[in-house]
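Data file: run-v8.pdb. Format and content: PDB, C-alpha atoms.
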ATOM      1  CA  MET A  22      10.927 -19.475 -32.127
ATOM      2  CA  LYS A  23       7.905 -17.186 -31.805
ATOM      3  CA  VAL A  24       6.262 -16.596 -28.429
ATOM      4  CA  LEU A  25       3.331 -14.404 -27.451
ATOM      5  CA  LEU A  26       3.191 -12.363 -24.224
ATOM      6  CA  LEU A  27      -0.195 -10.963 -23.226
ATOM      7  CA  LYS A  28       0.918  -7.698 -21.620
ATOM      8  CA  ASP A  29       1.456  -4.004 -22.352
ATOM      9  CA  PRO A  30       4.721  -3.136 -24.113
ATOM     10  CA  LYS A  31       6.786  -0.848 -21.874
ATOM     11  CA  GLU A  32      10.065   0.698 -22.958
ATOM     12  CA  ASP A  33      12.847   0.963 -20.398
ATOM     13  CA  ASP A  34      15.694   3.480 -20.370
ATOM     14  CA  ARG A  35      17.276   1.620 -23.287
ATOM     15  CA  GLY A  36      14.208   2.184 -25.450
ATOM     16  CA  GLN A  37      13.064  -1.425 -25.595
ATOM     17  CA  ASP A  38      10.694  -3.589 -23.612
ATOM     18  CA  PRO A  39      12.850  -5.636 -21.200
ATOM     19  CA  TYR A  40      10.861  -8.821 -21.895
ATOM     20  CA  ILE A  41      11.509  -8.606 -25.630
ATOM     21  CA  ARG A  42      15.210  -7.993 -25.047
ATOM     22  CA  GLU A  43      15.660 -10.740 -22.449
ATOM     23  CA  LEU A  44      13.757 -13.366 -24.452
ATOM     24  CA  GLY A  45      15.733 -12.365 -27.542
ATOM     25  CA  LEU A  46      18.928 -13.403 -25.743
ATOM     26  CA  TYR A  47      17.467 -16.913 -25.609
ATOM     27  CA  GLY A  48      16.641 -16.903 -29.327
ATOM     28  CA  LEU A  49      12.934 -16.267 -28.735
ATOM     29  CA  GLU A  50      11.040 -13.803 -30.927
ATOM     30  CA  ALA A  51       8.515 -12.255 -28.549
ATOM     31  CA  THR A  52       5.442 -10.222 -29.447
ATOM     32  CA  LEU A  53       3.535  -8.273 -26.794
ATOM     33  CA  ILE A  54      -0.230  -7.772 -27.025
ATOM     34  CA  PRO A  55      -2.083  -5.828 -24.309
ATOM     35  CA  VAL A  56      -5.245  -7.492 -23.051
ATOM     36  CA  LEU A  57      -6.131  -5.190 -20.149
ATOM     37  CA  SER A  58      -7.113  -1.574 -19.684
ATOM     38  CA  PHE A  59      -7.739   0.131 -16.366
ATOM     39  CA  GLU A  60     -10.202   2.551 -14.829
ATOM     40  CA  PHE A  61      -9.304   4.366 -11.612
ATOM     41  CA  LEU A  62     -11.764   4.506  -8.732
ATOM     42  CA  SER A  63     -12.308   6.192  -5.358
ATOM     43  CA  LEU A  64      -9.385   8.579  -5.782
ATOM     44  CA  PRO A  65     -10.810  11.272  -3.424
ATOM     45  CA  SER A  66     -11.182   8.661  -0.656
ATOM     46  CA  PHE A  67      -7.699   7.320  -1.372
ATOM     47  CA  LEU A  68      -6.203  10.815  -1.250
ATOM     48  CA  GLU A  69      -7.845  11.386   2.111
ATOM     49  CA  LYS A  70      -6.202   8.232   3.471
ATOM     50  CA  LEU A  71      -2.818   9.123   1.928
ATOM     51  CA  SER A  72      -3.079  12.452   3.741
ATOM     52  CA  GLN A  73      -3.333  10.677   7.114
ATOM     53  CA  PRO A  74      -0.117   8.647   7.479
ATOM     54  CA  ASP A  75      -0.371   8.789  11.274
ATOM     55  CA  SER A  76      -3.448   6.554  11.047
ATOM     56  CA  TYR A  77      -1.562   3.705   9.376
ATOM     57  CA  GLY A  78       1.330   1.374  10.053
ATOM     58  CA  GLY A  79       2.526   1.435   6.453
ATOM     59  CA  LEU A  80       1.626   0.796   2.822
ATOM     60  CA  ILE A  81       1.336  -2.282   0.593
ATOM     61  CA  PHE A  82       1.684  -2.097  -3.201
ATOM     62  CA  THR A  83       1.221  -5.256  -5.270
ATOM     63  CA  SER A  84       0.762  -3.656  -8.716
ATOM     64  CA  PRO A  85       2.061  -0.721 -10.750
ATOM     65  CA  ARG A  86      -1.534   0.468 -11.162
ATOM     66  CA  ALA A  87      -1.879   1.134  -7.434
ATOM     67  CA  VAL A  88       1.200   3.379  -7.618
ATOM     68  CA  GLU A  89      -0.311   5.188 -10.602
ATOM     69  CA  ALA A  90      -3.353   5.863  -8.409
ATOM     70  CA  VAL A  91      -1.049   7.640  -5.931
ATOM     71  CA  GLU A  92       0.391   9.736  -8.754
ATOM     72  CA  LEU A  93      -3.100  10.701  -9.925
ATOM     73  CA  CYS A  94      -4.034  11.723  -6.383
ATOM     74  CA  LEU A  95      -0.948  13.917  -6.072
ATOM     75  CA  GLU A  96      -1.831  15.759  -9.276
ATOM     76  CA  LYS A  97      -4.917  17.208  -7.606
ATOM     77  CA  ASP A  98      -5.065  20.513  -5.697
ATOM     78  CA  ASN A  99      -1.300  20.990  -5.343
ATOM     79  CA  LYS A 100      -1.027  17.832  -3.273
ATOM     80  CA  ALA A 101       2.383  17.159  -4.843
ATOM     81  CA  GLU A 102       3.857  19.995  -2.773
ATOM     82  CA  VAL A 103       2.330  18.696   0.444
ATOM     83  CA  TRP A 104       3.649  15.240  -0.428
ATOM     84  CA  LYS A 105       7.185  16.533  -0.913
ATOM     85  CA  LYS A 106       7.187  18.733   2.196
ATOM     86  CA  SER A 107       5.691  16.366   4.762
ATOM     87  CA  LEU A 108       3.621  13.368   3.683
ATOM     88  CA  LYS A 109       6.450  11.533   1.927
ATOM     89  CA  GLU A 110       8.697  11.790   4.963
ATOM     90  CA  LYS A 111       5.950  10.531   7.285
ATOM     91  CA  TRP A 112       5.246   7.509   5.073
ATOM     92  CA  ASN A 113       8.969   6.781   4.828
ATOM     93  CA  ALA A 114       9.069   6.500   8.607
ATOM     94  CA  LYS A 115       6.845   3.448   8.156
ATOM     95  CA  SER A 116       7.136   0.212   6.162
ATOM     96  CA  VAL A 117       6.300   0.325   2.448
ATOM     97  CA  TYR A 118       5.929  -3.242   1.185
ATOM     98  CA  VAL A 119       5.929  -4.081  -2.527
ATOM     99  CA  VAL A 120       5.778  -7.075  -4.856
ATOM    100  CA  GLY A 121       8.269  -7.126  -7.725
ATOM    101  CA  ASN A 122      11.019  -4.824  -8.937
ATOM    102  CA  ALA A 123       8.813  -3.068 -11.506
ATOM    103  CA  THR A 124       6.385  -1.917  -8.821
ATOM    104  CA  ALA A 125       9.268  -1.064  -6.472
ATOM    105  CA  SER A 126      10.824   1.155  -9.139
ATOM    106  CA  LEU A 127       7.595   3.153  -9.506
ATOM    107  CA  VAL A 128       7.236   3.486  -5.733
ATOM    108  CA  ASN A 129      10.839   4.746  -5.538
ATOM    109  CA  LYS A 130      10.029   7.379  -8.160
ATOM    110  CA  ILE A 131       7.388   8.925  -5.898
ATOM    111  CA  GLY A 132      10.025   9.142  -3.183
ATOM    112  CA  LEU A 133       9.233   6.142  -0.992
ATOM    113  CA  HIS A 134      11.688   3.527   0.231
ATOM    114  CA  THR A 135      10.538  -0.047  -0.319
ATOM    115  CA  GLU A 136      11.046  -3.500   1.117
ATOM    116  CA  GLY A 137       9.928  -6.973   0.118
ATOM    117  CA  GLU A 138      10.291  -6.458  -3.638
ATOM    118  CA  ASN A 139      12.337  -9.641  -3.984
ATOM    119  CA  CYS A 140       9.526 -11.783  -2.576
ATOM    120  CA  GLY A 141       8.204 -12.294  -6.125
ATOM    121  CA  ASN A 142       4.482 -12.753  -5.428
ATOM    122  CA  ALA A 143       1.758 -11.744  -2.979
ATOM    123  CA  GLU A 144       1.947 -14.984  -1.000
ATOM    124  CA  LYS A 145       5.668 -14.616  -0.333
ATOM    125  CA  LEU A 146       5.216 -10.933   0.474
ATOM    126  CA  ALA A 147       2.524 -11.846   3.011
ATOM    127  CA  GLU A 148       4.975 -14.250   4.663
ATOM    128  CA  TYR A 149       7.583 -11.481   4.736
ATOM    129  CA  ILE A 150       5.152  -8.977   6.278
ATOM    130  CA  CYS A 151       4.026 -11.517   8.884
ATOM    131  CA  SER A 152       7.636 -12.098   9.899
ATOM    132  CA  ARG A 153       8.310  -8.386  10.435
ATOM    133  CA  GLU A 154       5.166  -6.409  11.164
ATOM    134  CA  SER A 155       4.315  -5.502  14.749
ATOM    135  CA  SER A 156       2.385  -2.239  14.395
ATOM    136  CA  ALA A 157      -1.099  -2.070  15.911
ATOM    137  CA  LEU A 158      -2.089   0.364  13.169
ATOM    138  CA  PRO A 159      -3.520  -1.045   9.923
ATOM    139  CA  LEU A 160      -1.478  -1.297   6.739
ATOM    140  CA  LEU A 161      -3.066   0.662   3.874
ATOM    141  CA  PHE A 162      -3.488  -1.549   0.791
ATOM    142  CA  PRO A 163      -4.569   0.217  -2.431
ATOM    143  CA  CYS A 164      -5.610  -2.541  -4.820
ATOM    144  CA  GLY A 165      -7.788  -3.562  -7.749
ATOM    145  CA  THR A 166     -11.395  -4.633  -7.443
ATOM    146  CA  LEU A 167     -10.308  -8.187  -8.295
ATOM    147  CA  LYS A 168      -7.494  -8.416  -5.771
ATOM    148  CA  GLY A 169      -6.273 -11.845  -4.733
ATOM    149  CA  GLU A 170      -7.372 -13.040  -1.325
ATOM    150  CA  ILE A 171      -4.164 -14.797  -0.276
ATOM    151  CA  LEU A 172      -2.384 -11.742   1.157
ATOM    152  CA  PRO A 173      -5.386 -10.367   3.131
ATOM    153  CA  LYS A 174      -6.188 -13.867   4.419
ATOM    154  CA  MET A 175      -2.642 -14.551   5.611
ATOM    155  CA  LEU A 176      -2.363 -11.187   7.373
ATOM    156  CA  LYS A 177      -5.732 -11.662   9.041
ATOM    157  CA  GLU A 178      -4.721 -15.104  10.300
ATOM    158  CA  LYS A 179      -1.626 -13.555  11.909
ATOM    159  CA  GLY A 180      -3.639 -10.737  13.469
ATOM    160  CA  ILE A 181      -2.004  -8.033  11.351
ATOM    161  CA  PRO A 182      -4.564  -5.266  10.661
ATOM    162  CA  MET A 183      -4.965  -4.140   7.061
ATOM    163  CA  GLU A 184      -7.291  -1.712   5.303
ATOM    164  CA  SER A 185      -7.952  -2.343   1.622
ATOM    165  CA  ILE A 186      -9.205   0.339  -0.739
ATOM    166  CA  PRO A 187     -10.005  -0.518  -4.385
ATOM    167  CA  VAL A 188      -8.435   2.200  -6.523
ATOM    168  CA  TYR A 189      -8.714   0.640  -9.982
ATOM    169  CA  GLN A 190     -10.591  -1.974 -11.932
ATOM    170  CA  LYS A 191      -9.464  -4.051 -14.860
ATOM    171  CA  ILE A 192     -11.459  -3.936 -18.097
ATOM    172  CA  PRO A 193     -10.792  -5.672 -21.424
ATOM    173  CA  HIS A 194      -8.434  -3.856 -23.769
ATOM    174  CA  PRO A 195     -10.536  -2.680 -26.743
ATOM    175  CA  GLY A 196      -8.047  -4.076 -29.265
ATOM    176  CA  ILE A 197      -7.723  -7.674 -27.993
ATOM    177  CA  GLN A 198      -9.642  -9.419 -30.753
ATOM    178  CA  VAL A 199      -8.197  -7.371 -33.630
ATOM    179  CA  ASN A 200      -4.612  -7.582 -32.351
ATOM    180  CA  LEU A 201      -4.757 -11.336 -31.748
ATOM    181  CA  HIS A 202      -6.310 -11.935 -35.163
ATOM    182  CA  SER A 203      -3.591  -9.835 -36.773
ATOM    183  CA  TYR A 204      -0.878 -11.760 -34.923
ATOM    184  CA  TYR A 205      -2.219 -15.173 -35.922
ATOM    185  CA  SER A 206      -2.690 -14.043 -39.532
ATOM    186  CA  GLN A 207       0.884 -12.777 -39.836
ATOM    187  CA  GLN A 208       2.851 -14.996 -37.433
ATOM    188  CA  GLY A 209       0.827 -18.208 -37.239
ATOM    189  CA  ILE A 210       0.421 -20.337 -34.119
ATOM    190  CA  PRO A 211       2.849 -19.237 -31.373
ATOM    191  CA  ALA A 212       5.068 -21.831 -29.713
ATOM    192  CA  SER A 213       4.055 -20.420 -26.340
ATOM    193  CA  ILE A 214       1.606 -17.944 -24.798
ATOM    194  CA  THR A 215       2.397 -16.282 -21.477
ATOM    195  CA  PHE A 216      -0.421 -14.918 -19.331
ATOM    196  CA  PHE A 217       0.293 -12.169 -16.807
ATOM    197  CA  SER A 218      -2.936 -12.201 -14.782
ATOM    198  CA  PRO A 219      -6.156 -14.165 -14.305
ATOM    199  CA  SER A 220      -8.059 -11.195 -15.783
ATOM    200  CA  GLY A 221      -5.888 -11.210 -18.888
ATOM    201  CA  LEU A 222      -6.639 -14.907 -19.292
ATOM    202  CA  MET A 223     -10.373 -14.368 -18.829
ATOM    203  CA  TYR A 224     -10.547 -11.602 -21.441
ATOM    204  CA  SER A 225      -8.411 -13.284 -24.113
ATOM    205  CA  LEU A 226      -8.973 -17.045 -23.844
ATOM    206  CA  ARG A 227     -11.993 -17.390 -26.109
ATOM    207  CA  TYR A 228     -10.248 -15.499 -28.923
ATOM    208  CA  ILE A 229      -7.151 -17.664 -28.531
ATOM    209  CA  GLN A 230      -9.270 -20.818 -28.626
ATOM    210  CA  GLU A 231     -11.071 -19.654 -31.772
ATOM    211  CA  LEU A 232      -7.864 -18.675 -33.566
ATOM    212  CA  SER A 233      -5.872 -21.735 -32.489
ATOM    213  CA  GLY A 234      -8.561 -24.302 -33.198
ATOM    214  CA  ASP A 235      -7.161 -27.851 -33.230
ATOM    215  CA  ASN A 236      -3.654 -26.444 -32.695
ATOM    216  CA  MET A 237      -4.323 -25.453 -29.061
ATOM    217  CA  GLU A 238      -2.609 -28.638 -27.887
ATOM    218  CA  GLN A 239       0.716 -27.696 -29.452
ATOM    219  CA  ILE A 240       0.930 -24.361 -27.577
ATOM    220  CA  LYS A 241       2.886 -24.203 -24.321
ATOM    221  CA  PHE A 242       0.916 -22.157 -21.796
ATOM    222  CA  VAL A 243       3.020 -20.236 -19.293
ATOM    223  CA  ALA A 244       2.055 -18.203 -16.210
ATOM    224  CA  ILE A 245       3.931 -15.244 -14.734
ATOM    225  CA  GLY A 246       3.090 -16.407 -11.191
ATOM    226  CA  PRO A 247       1.192 -18.949  -9.096
ATOM    227  CA  THR A 248      -2.129 -17.070  -9.056
ATOM    228  CA  THR A 249      -2.225 -16.963 -12.844
ATOM    229  CA  ALA A 250      -1.121 -20.602 -12.990
ATOM    230  CA  ARG A 251      -4.096 -21.586 -10.830
ATOM    231  CA  ALA A 252      -6.413 -19.634 -13.150
ATOM    232  CA  LEU A 253      -5.015 -21.511 -16.171
ATOM    233  CA  ALA A 254      -5.485 -24.848 -14.449
ATOM    234  CA  ALA A 255      -9.065 -23.888 -13.527
ATOM    235  CA  GLN A 256      -9.752 -23.418 -17.252
ATOM    236  CA  GLY A 257      -8.424 -26.893 -17.940
ATOM    237  CA  LEU A 258      -5.256 -25.626 -19.630
ATOM    238  CA  PRO A 259      -1.952 -27.408 -18.973
ATOM    239  CA  VAL A 260       0.588 -25.093 -17.353
ATOM    240  CA  SER A 261       3.921 -25.821 -18.998
ATOM    241  CA  CYS A 262       5.778 -23.470 -16.678
ATOM    242  CA  THR A 263       5.335 -20.832 -13.985
ATOM    243  CA  ALA A 264       8.021 -18.147 -13.809
ATOM    244  CA  GLU A 265       9.931 -18.254 -10.518
ATOM    245  CA  SER A 266       9.465 -14.494 -10.195
ATOM    246  CA  PRO A 267       7.635 -11.841 -12.261
ATOM    247  CA  THR A 268      10.763 -10.693 -14.088
ATOM    248  CA  PRO A 269      11.983 -10.884 -17.701
ATOM    249  CA  ARG A 270      14.962 -13.041 -16.724
ATOM    250  CA  ALA A 271      12.895 -15.570 -14.767
ATOM    251  CA  LEU A 272      10.327 -15.802 -17.562
ATOM    252  CA  ALA A 273      13.034 -16.247 -20.195
ATOM    253  CA  ALA A 274      14.646 -19.051 -18.199
ATOM    254  CA  GLY A 275      11.277 -20.741 -17.665
ATOM    255  CA  LEU A 276      10.298 -20.464 -21.315
ATOM    256  CA  ARG A 277      13.589 -21.902 -22.494
ATOM    257  CA  THR A 278      12.997 -24.960 -20.316
ATOM    258  CA  ALA A 279       9.309 -25.243 -21.197
ATOM    259  CA  LEU A 280      10.033 -25.176 -24.923
ATOM    260  CA  GLN A 281      12.507 -28.020 -24.708
ATOM    261  CA  PRO A 282      10.990 -31.428 -25.581
ATOM    262  CA  ARG A 283      11.042 -32.628 -21.963
ATOM    263  CA  GLY A 284       9.083 -29.550 -20.715
ATOM    264  CA  CYS A 285       9.509 -27.528 -17.570
TER     265      CYS A 285
END
Represent the structure contained in this file as structure tokens.
Amino acid sequence: MKVLLLKDPKEDDRGQDPYIRELGLYGLEATLIPVLSFEFLSLPSFLEKLSQPDSYGGLIFTSPRAVEAVELCLEKDNKAEVWKKSLKEKWNAKSVYVVGNATASLVNKIGLHTEGENCGNAEKLAEYICSRESSALPLLFPCGTLKGEILPKMLKEKGIPMESIPVYQKIPHPGIQVNLHSYYSQQGIPASITFFSPSGLMYSLRYIQELSGDNMEQIKFVAIGPTTARALAAQGLPVSCTAESPTPRALAAGLRTALQPRGC
């Protein structure tokens, strides 16, 4: 059974995208099509804040892109050496909160210890932070320009200070239309389409509607998490399943159930 995942292909240490491999174990033939590109912003300001760990109670990462922004900052003016010699150690003396194992893995690669990765989404991470955080200093939160409001709102309600800095913005991938048209021409209508973000949905939906035509109703629409599920519902699309966590295994399990006649 053919399923479409609207995300970047990313090879792991076994040379294959983990989503393709995991879904293949369930007999699902997955194709990945990227729908987002990214532009990085405010890196000098972000670097300045990264250089002042004593001013913050810790860090929050909810996306791989925010970690990439750190890496880009460290490439400038020999900052990598300063990071290794002192900054990394100072940040590790504080809490570094993350959502998801993929983001945690990237944070670990820059030498930081993480917690909260098993929370699965921003809402659960916010609950975790609220149950643990007692610092009077703000948590530094590098994020996208279209960040969700649930985490900041929950922390504010609990009186936990946080300082957001937008370090990237999402833009449409230049190949969305061509790649989707090619997929539909060669593979036909997919049994399921999984969306990985509200932005990905926004940038791809009209092409999917045009290509699917009257067959839209036969497609099972799946969300990687609750925020994306809400975005699907807001567009009037039925959500056949929401993955329990943003992982290949959870998505594979959810898809298997969603594609059974009785649904998710």
Please produce, as a Markdown table, a per-residue contact table for stretch 172-265 of chain A versus stretch 132-141 of chain A (criterion: any atom at most 10 Å away, all atoms listed in the file considered), showing the nearest atom pair and its distance in Å to one decimal, sorted by chain then residue number.
| residue | atom | partner | partner_atom | distance |
| --- | --- | --- | --- | --- |
| A:Gly246 | CA | A:Gly141 | CA | 8.3 |
| A:Ala264 | CA | A:Gly141 | CA | 9.7 |
| A:Glu265 | CA | A:Gly141 | CA | 7.6 |
* Structure fact -> Correct to one decimal, the distance atom CA of A:Leu276-atom CA of A:Ile240 is 11.9 Å
Return as JSON lines the residues of stretch 88-145 of chain A lying at most 12 Å from stretch 173-183 of chain A, together with the closest atom-to-atom pair for each and the distance in Å to one decimal, counting only C-alpha atoms, with rows in chain order and ascending residue number.
{"residue": "A:Ala143", "atom": "CA", "partner": "A:Pro173", "partner_atom": "CA", "distance": 9.5}
{"residue": "A:Glu144", "atom": "CA", "partner": "A:Met175", "partner_atom": "CA", "distance": 8.1}
{"residue": "A:Lys145", "atom": "CA", "partner": "A:Met175", "partner_atom": "CA", "distance": 10.2}
* Can you work out which one of A:Leu57, A:Ala274, A:Leu232, A:Val119 has the shortest atom-to-atom distance to A:Ile192, counting all atoms listed in the file? =>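 For A:Ile192, the nearest of the candidates is A:Leu57.
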* Selected by the PyMOL selection byres ((chain A and resi 165-169) around 12) in the shown coordinates: which residues, as a PyMOL selection string? -> chain A and resi 59-63+82-90+142-144+147+162-164+170-175+185-192+218-221+247-249+251-252
* Asked: Mind pulling up the distance from atom CA of A:Leu253 to atom CA of A:Asp38?
  ->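 Interatomic distance here is 25.0 Å.
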* To do: Can you give me, as a list in words, the residues this file yields under the PyMOL selection byres ((chain A and resi 122) around 8)?
  =>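 With the shown file as input, the PyMOL selection byres ((chain A and resi 122) around 8) matches Val120, Gly121, Ala123, Thr124, Ala125, Ser126, Glu138, Asn139 and Thr268 of chain A.
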* Can you give me, as an MDAnalysis selection string, the residues this file yields under the PyMOL selection byres ((chain A and resi 222) around 12)? => chainID A and resid 26:28 55:57 193 197 214:221 223:230 242:245 248:256 258
* To do: Return the single residue from A:Lys23, A:Lys31, A:Lys70, A:Lys97 that is closest to A:Gly48, with distances computed using all atoms listed in the file.
  =>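 Of A:Lys23, A:Lys31, A:Lys70, A:Lys97, the one nearest A:Gly48, counting all atoms listed in the file, is A:Lys23.
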* To do: Please indicate the distance in Å from atom CA of A:Val199 to atom CA of A:Gln37, rounded to one decimal place.
  =>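 The value is 23.5 Å.
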Requested file, stretch 107-116 of chain A restricted to all heavy atoms, as a compact mmCIF listing (two decimals), in the first residue's frame:
# COMPACT_ATOMS: atom_id res chain seq x y z
N SER A 107 34.37 26.54 27.24
CA SER A 107 33.65 27.08 28.40
C SER A 107 32.14 27.13 28.27
O SER A 107 31.41 26.75 29.19
CB SER A 107 34.18 28.49 28.71
OG SER A 107 33.94 29.36 27.62
N LEU A 108 31.64 27.59 27.13
CA LEU A 108 30.20 27.81 27.00
C LEU A 108 29.40 26.52 27.15
O LEU A 108 28.37 26.48 27.83
CB LEU A 108 29.87 28.47 25.66
CG LEU A 108 30.29 29.92 25.48
CD1 LEU A 108 29.93 30.42 24.09
CD2 LEU A 108 29.64 30.79 26.55
N LYS A 109 29.87 25.46 26.52
CA LYS A 109 29.16 24.18 26.58
C LYS A 109 29.00 23.70 28.01
O LYS A 109 27.91 23.28 28.44
CB LYS A 109 29.92 23.13 25.74
CG LYS A 109 29.27 21.77 25.72
CD LYS A 109 30.05 20.82 24.83
CE LYS A 109 31.39 20.46 25.46
NZ LYS A 109 32.09 19.40 24.69
N GLU A 110 30.07 23.80 28.76
CA GLU A 110 30.05 23.35 30.17
C GLU A 110 29.06 24.19 30.99
O GLU A 110 28.33 23.66 31.83
CB GLU A 110 31.45 23.46 30.76
CG GLU A 110 31.56 22.91 32.17
CD GLU A 110 32.98 22.99 32.71
OE1 GLU A 110 33.92 23.18 31.90
OE2 GLU A 110 33.15 22.87 33.93
N LYS A 111 29.04 25.50 30.74
CA LYS A 111 28.13 26.37 31.49
C LYS A 111 26.67 26.08 31.16
O LYS A 111 25.81 26.09 32.05
CB LYS A 111 28.47 27.83 31.18
CG LYS A 111 29.78 28.30 31.81
CD LYS A 111 30.04 29.77 31.53
CE LYS A 111 31.33 30.23 32.19
NZ LYS A 111 31.61 31.66 31.92
N TRP A 112 26.39 25.80 29.89
CA TRP A 112 25.00 25.45 29.52
C TRP A 112 24.62 24.09 30.09
O TRP A 112 23.47 23.87 30.47
CB TRP A 112 24.82 25.47 28.00
CG TRP A 112 24.65 26.84 27.42
CD1 TRP A 112 25.52 27.50 26.59
CD2 TRP A 112 23.55 27.74 27.63
NE1 TRP A 112 25.03 28.74 26.27
CE2 TRP A 112 23.83 28.92 26.90
CE3 TRP A 112 22.37 27.67 28.37
CZ2 TRP A 112 22.95 30.00 26.87
CZ3 TRP A 112 21.49 28.75 28.36
CH2 TRP A 112 21.78 29.90 27.61
N ASN A 113 25.58 23.18 30.15
CA ASN A 113 25.29 21.85 30.69
C ASN A 113 25.03 21.86 32.20
O ASN A 113 24.51 20.89 32.75
CB ASN A 113 26.42 20.87 30.36
CG ASN A 113 26.20 20.15 29.04
OD1 ASN A 113 25.05 19.93 28.65
ND2 ASN A 113 27.27 19.79 28.36
N ALA A 114 25.40 22.95 32.84
CA ALA A 114 25.10 23.09 34.27
C ALA A 114 23.63 23.49 34.47
O ALA A 114 23.14 23.54 35.60
CB ALA A 114 26.01 24.13 34.90
N LYS A 115 22.96 23.77 33.36
CA LYS A 115 21.56 24.18 33.40
C LYS A 115 20.70 23.13 32.70
O LYS A 115 21.21 22.14 32.18
CB LYS A 115 21.40 25.54 32.70
CG LYS A 115 22.30 26.63 33.31
CD LYS A 115 22.32 27.89 32.46
CE LYS A 115 23.29 28.91 33.05
NZ LYS A 115 22.83 29.46 34.33
N SER A 116 19.40 23.33 32.68
CA SER A 116 18.49 22.39 32.01
C SER A 116 18.43 22.70 30.52
O SER A 116 18.34 23.87 30.12
CB SER A 116 17.08 22.51 32.60
OG SER A 116 17.08 22.13 33.97
